[in-house]
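Scroll down for the structure; my scribbles are underneath it.
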Amino acid sequence: MGRKNWAINAIAAATGLTIAAGPARATETDQQIWLTSNNSVDLGEVTVALDFNTRLTEHIKRMSQENARFTVSYRLNPHIAIGGGYFFGYAELPDVPDIVEHRGFEQVTLSLGGLPKGQSLGARTRIEQRFRRDENEMGLRAYEQVRFQAPLRGKLSGIAVVEAAYNLNDTEWGQHAGFSALRGALSLSLPVTRHISVQPGYSGQYVIRWHAEGRFYHAYMFNVVFKG
């Protein structure tokens, strides 16, 4: 088996294990719906992206989280891109004050070439600088993503993603150094126009909590992707 086939199988296995193993470790679970709009414009070597995400949580009872991300990327060559940007997040959680978070981030994206037609395999490393409203300390976090996409039938393709978050320091507002989350996602991608595709799917996310048992989120996703 070639190294590329091994890597693809490893990603699929890791995604499945993340989705399956999380509930066994977590004592609390939540059913959620994630609605996302991914918008990007390719300007040659530069890509500008603006993404929005809304989450219905607490067993899909209420809309409690909203996020926005602005990213500028520069393609060094067909396989490497560097970039950075800004993230804004708002979360209305039960029994605690609302969370408003601002993040700056830098990222490197690697794309593996030489795959069969229609397939893509990439990895992204992102470093985030996290700031909470009314707090002075900065939390540093590393976020790693591996993503594989392959055609299934006709214009339909499948996507597998595995992600891990690792906190690089402690803060008084609640960040603790070490692994903080692991997520696996499976989705379908169907183009509806030349520039727009829809991507329904499922994500399982295990969140580590330092003073309580972990939580597992069952998220039913619906993404609308625009590429200009």
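Each chain in the structure tokens gets a letter, A, B, ..., in the order shown, and its residues are numbered from 1; ligands are numbered from 1 in order too.
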
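Within the 7 Å cut-off around region 188-193 of chain A, using only C-alpha atoms and omitting residues fewer than 6 positions from it on the same chain, the listed residues are Lys155, Leu156, Ser157, Gly158, Ile159, Gln199, Pro200 and Gly201 of chain A.
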
Could you tell me which of A:Phe222, A:Phe70, A:Tyr90, A:Tyr206 comes closest to Gly104 (chain A) if we count only C-alpha atoms?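 Nearest candidate to Gly104 (chain A) out of A:Phe222, A:Phe70, A:Tyr90, A:Tyr206: A:Phe70.
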
Close residues, Glu66 (chain A) itself excluded, 10 Å, only C-alpha atoms, min 2 positions apart in chain, as a compact mmCIF listing (two decimals) with C-alpha atoms, in the first residue's frame:
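around.txt, written as the output of this step:
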```txt
# COMPACT_ATOMS: atom_id res chain seq x y z
CA TRP A 34 -24.37 24.06 13.10
CA LEU A 35 -25.25 26.39 10.21
CA THR A 36 -22.22 27.72 8.34
CA PHE A 52 -20.08 32.77 9.53
CA ASN A 53 -21.31 30.08 11.91
CA THR A 54 -24.46 29.86 14.04
CA ARG A 55 -25.10 27.04 16.52
CA LEU A 56 -28.33 25.79 18.03
CA MET A 63 -29.54 29.67 19.28
CA SER A 64 -26.67 30.36 21.65
CA ALA A 68 -17.33 35.09 12.35
CA PHE A 88 -15.05 36.95 16.74
CA GLY A 89 -17.10 34.59 18.88
CA TYR A 90 -20.16 35.02 21.11
CA ALA A 91 -21.58 32.30 23.33
CA GLU A 92 -24.62 32.50 25.60
CA VAL A 100 -17.26 37.31 24.02
```

Distance in Å - CA of Ile60 (chain A) versus CA of Tyr217 (chain A):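 Atom-to-atom, CA of Ile60 (chain A) and CA of Tyr217 (chain A) are spaced 11.2 Å apart.
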
If I take CA of Asp42 (chain A) and CA of Thr71 (chain A), how far is one from the other in Å, to one decimal? 12.0 Å

According to DSSP computed on the backbone, where in region 126-214 of chain A is there strand (DSSP E or B)? Give the residues as number ranges by chain. A: 126-132, 138-153, 156-167, 178-191, 196-207

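If only C-alpha atoms are the atoms counted, then among A:Ile196, A:Val41, A:Leu186, A:Ala165 the closest residue to Ile208 (chain A) is A:Ala165.
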
For CA of Glu106 (chain A) and CA of Ile82 (chain A), quote the distance in Å rounded to one decimal. 7.7 Å

Extract, using only C-alpha atoms, all DNA, RNA and protein residues at most 8 Å from Ala123 (chain A), discarding same-chain residues fewer than 6 positions from it, and format them as a list in words. Thr109, Leu110, Ser111, Glu144, Gln145, Val146 and Arg147 of chain A

Any chance you can output those residues with C-alpha atoms as a compact mmCIF listing (two decimals), in the first residue's frame?
```txt
# COMPACT_ATOMS: atom_id res chain seq x y z
CA THR A 109 -1.85 25.03 4.94
CA LEU A 110 -0.22 22.09 3.15
CA SER A 111 -1.78 20.31 0.15
CA GLU A 144 -4.43 21.12 13.77
CA GLN A 145 -6.74 19.95 10.96
CA VAL A 146 -6.41 17.17 8.40
CA ARG A 147 -8.98 17.09 5.58
```

Rank A:Ser120, A:Gln32, A:Ser203, A:Ser197 by their smallest atom-to-atom distance to Asn223 (chain A), using only C-alpha atoms, and report the top residue only.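 Nearest candidate to Asn223 (chain A) out of A:Ser120, A:Gln32, A:Ser203, A:Ser197: A:Ser197.
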
Hey, which of A:Arg124, A:Lys117, A:His79, A:Arg133 ends up closest to Arg103 (chain A)? Count only C-alpha atoms. A:Arg133

Which residue of A:Arg141, A:His195, A:Leu112, A:Ala185 approaches Asp170 (chain A) most closely, using only C-alpha atoms: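 Going through A:Arg141, A:His195, A:Leu112, A:Ala185 one by one, the smallest distance to Asp170 (chain A) is for A:Arg141.
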